[in-house]
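Okay, so here's the structure we're looking at.
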Amino acid sequence: MYLLYIILGNFIYFGDYKYFIFDSNSTAIRDLNEAGWAIGGVLVGLGTKIGNGCTSGHGVCGIPRFSMRSIIAVLTFMSVGIFMSTIKYYYPYFNSGNDWGDTYYNAFRIIADVSICLIFAVYILVFVLVYRRNSAKEEKLDPLVSFASGVLFGLGLTFSGMLRRTKISAFLTLNSDWDPSLMFVMAAAIAINVPAFYWILKKNKFPVLAYRFEVPSNTNIDW
C-alpha cells in the first residue's frame with residue numbers, strides 16, 4: 001500500500017472528483033495517541049491469532065462457505081469493534097496524538113522506501129528459487145498467482161476506503177454521522193464469493209494451478 005502511495009500520492013482524480021486514498025498525517029493522529037496505536041496493534045494481533053483469522057479470512061472467505069465458525073467470529077469482532085469505537089467517541093480516551101514533525105516523517109519515508117525495495121528483492125529471489133527448483137507448472141506459477149491475488153485484494157481495499165482510519169472509524173462509530181458504506185463493501189464481496197466458491201468447490205475436483213483446494217478442515221468455534 002505504501003508503494004501505491006509512492007506512485008499515486010495521497011489522492012487520485014476521477015474527473016472533477018478527488019478521491020483520497022490515505023488520511024493526512026494530521027488527520028490520522030488527530031484523536032489517537034501513541035499508546036492507543038500500540039495497544040490497538042497488540043490487541044488486533046492477539047485477536048487474529050486467537051480467532052484463527054481476520055475480517056478478510058472469516059468475512060470474505062468463511063461466510064461465503066457458510067462456515068458457522070466464521071459467522072460467529074465476524075459477529076463477535078464487528079460488535080466489539082462497534083461498541084469500543086462508539087464508547088471512544090462519547091467518552092474519549094487515548095486522544096491527543098502528537099505531530100512529530102517533518103524530521104520524523106522524512107525519516108519514515110526513507111525507511112519505508114528501503115523496506116519496499118528489500119521486500120521486492122526478496123520476492124524476486126523467492127520467485128527465481130521456486131521457478132528453478134520446481135518442474136511442475138503449478139509450483140512455478142504459485143508466487144505469481146499469489147502476487148496477483150494480493151495486488152487485486154490490495155486495490156479493493158484501496159478503492160473501498162479501508163486504508164483510511166477515519167473511514168473505518170466512521171463505520172464503527174454509531175453517531176449522527178455514521179457511514180454505512182463499508183458494510184456494502186463486505187456485502188458485495190460475500191455476494192460475489194458465494195456463487196464463486198460454490199462453483200469452484202462443488203463443480204471442480206482440483207484447482208487449476210494447485211494439487212488440492214486449501215479449505216480449512218477445523219470447524220470448531222474459537223470461544
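Ordering of the C-alpha cells sets the chain letters (A, B, ...); residue numbers start at 1 within each chain; ligands are numbered from 1 in the order shown.
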message: What's around segment 69-75 of chain A at 7 Å? Count only C-alpha atoms, leave out sequence neighbours fewer than 4 positions away in its own chain, and write the answer as a PyMOL selection string.
response: chain A and resi 51+55+58-59+62-63+79+219-221
task: Could you please write out, as JSON, numbers by chain, every residue of segment 102-190 of chain A that DSSP assigns to alpha helix (DSSP H)?
output: {"A": [102, 103, 104, 105, 106, 107, 108, 109, 110, 111, 112, 113, 114, 115, 116, 117, 118, 119, 120, 121, 122, 123, 124, 125, 126, 127, 128, 129, 130, 131, 132, 133, 137, 138, 139, 140, 141, 142, 143, 144, 145, 146, 147, 148, 149, 150, 151, 152, 153, 154, 155, 156, 157, 158, 159, 160, 165, 166, 167, 168, 169, 170, 171, 172, 181, 182, 183, 184, 185, 186, 187, 188, 189, 190]}
task: Kindly give the distance, in Å, that separates atom CA of Leu174 of chain A and atom CA of Met84 of chain A, rounded to a single decimal.
output: 10.3 Å
message: My list of candidates is A:Phe94, A:Leu163, A:Lys202, A:Val128. Which is closest to Ile39 of chain A when distances are computed with only C-alpha atoms?
response: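 The closest residue to Ile39 of chain A is A:Phe94.
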query: Of the candidates A:Ser176, A:Ser149, A:Thr48, A:Ser217, which shows the shortest atom-to-atom distance to Tyr90 of chain A, using only C-alpha atoms?
result: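 Answer, going by the shortest atom-to-atom distance: A:Ser176.
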message: Can you tell me which residues surround Phe213 of chain A at a distance of at most 10 Å, considering only C-alpha atoms, apart from same-chain residues fewer than 4 positions away, and format the answer as a list of chain:residue names?
response: A:Ile200, A:Leu201, A:Asn204, A:Lys205, A:Phe206, A:Pro207, A:Val208, A:Leu209
For the selection you just gave me, I'd like the residues written to a file as a short mmCIF file (atom, residue, chain, number, x, y, z; two decimals), in the first residue's frame, keeping C-alpha atoms.
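The new file selection26.cif reads:
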data_model
loop_
_atom_site.label_atom_id
_atom_site.label_comp_id
_atom_site.auth_asym_id
_atom_site.auth_seq_id
_atom_site.Cartn_x
_atom_site.Cartn_y
_atom_site.Cartn_z
CA ILE A 200 -15.22 -23.79 -7.64
CA LEU A 201 -15.54 -26.24 -4.74
CA ASN A 204 -14.27 -28.89 -9.74
CA LYS A 205 -12.30 -31.74 -8.22
CA PHE A 206 -8.97 -29.92 -8.37
CA PRO A 207 -7.87 -26.30 -8.72
CA VAL A 208 -6.28 -25.15 -11.97
CA LEU A 209 -2.88 -24.19 -10.54
#
Spatial neighbours of Val145 of chain A, 12 Å, only C-alpha atoms, chain gap at least 6 places, as a compact mmCIF listing (two decimals) with N, CA, C and O atoms, in the first residue's frame:
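Okay, this is what ended up in result-v8.txt:
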# COMPACT_ATOMS: atom_id res chain seq x y z
N PHE A 127 10.90 -16.04 -6.02
CA PHE A 127 10.32 -16.48 -7.28
C PHE A 127 11.35 -17.22 -8.14
O PHE A 127 11.05 -18.28 -8.72
N LYS A 137 4.32 -27.04 -13.39
CA LYS A 137 3.81 -25.72 -13.77
C LYS A 137 3.11 -25.04 -12.59
O LYS A 137 3.27 -23.83 -12.39
N GLU A 138 2.36 -25.82 -11.80
CA GLU A 138 1.61 -25.26 -10.69
C GLU A 138 2.54 -24.61 -9.67
O GLU A 138 2.28 -23.52 -9.17
N GLU A 139 3.64 -25.30 -9.36
CA GLU A 139 4.56 -24.78 -8.36
C GLU A 139 5.33 -23.57 -8.88
O GLU A 139 5.67 -22.66 -8.13
N VAL A 151 -2.25 -8.18 -5.09
CA VAL A 151 -2.42 -6.87 -5.72
C VAL A 151 -3.90 -6.57 -5.92
O VAL A 151 -4.37 -5.46 -5.63
N LEU A 152 -4.66 -7.55 -6.39
CA LEU A 152 -6.10 -7.35 -6.61
C LEU A 152 -6.82 -7.04 -5.31
O LEU A 152 -7.65 -6.13 -5.24
N VAL A 208 -7.01 -25.22 -10.71
CA VAL A 208 -6.28 -25.15 -11.97
C VAL A 208 -4.77 -25.12 -11.75
O VAL A 208 -4.01 -25.80 -12.45
N LEU A 209 -4.32 -24.38 -10.75
CA LEU A 209 -2.88 -24.19 -10.54
C LEU A 209 -2.41 -24.71 -9.18
O LEU A 209 -1.52 -24.12 -8.56
N ALA A 210 -3.01 -25.77 -8.72
CA ALA A 210 -2.57 -26.39 -7.45
C ALA A 210 -3.03 -27.84 -7.44
O ALA A 210 -3.80 -28.28 -8.29
field: Point-to-point distance in Å for atom CA of Ala191 of chain A and atom CA of Asn175 of chain A
entry: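 One can read the atom CA of Asn175 of chain A to atom CA of Ala191 of chain A distance as 27.6 Å.
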- request: Report the distance between atom CA of Ile82 of chain A and atom CA of Pro195 of chain A in Å, rounded to one decimal place.
  value: 29.1 Å
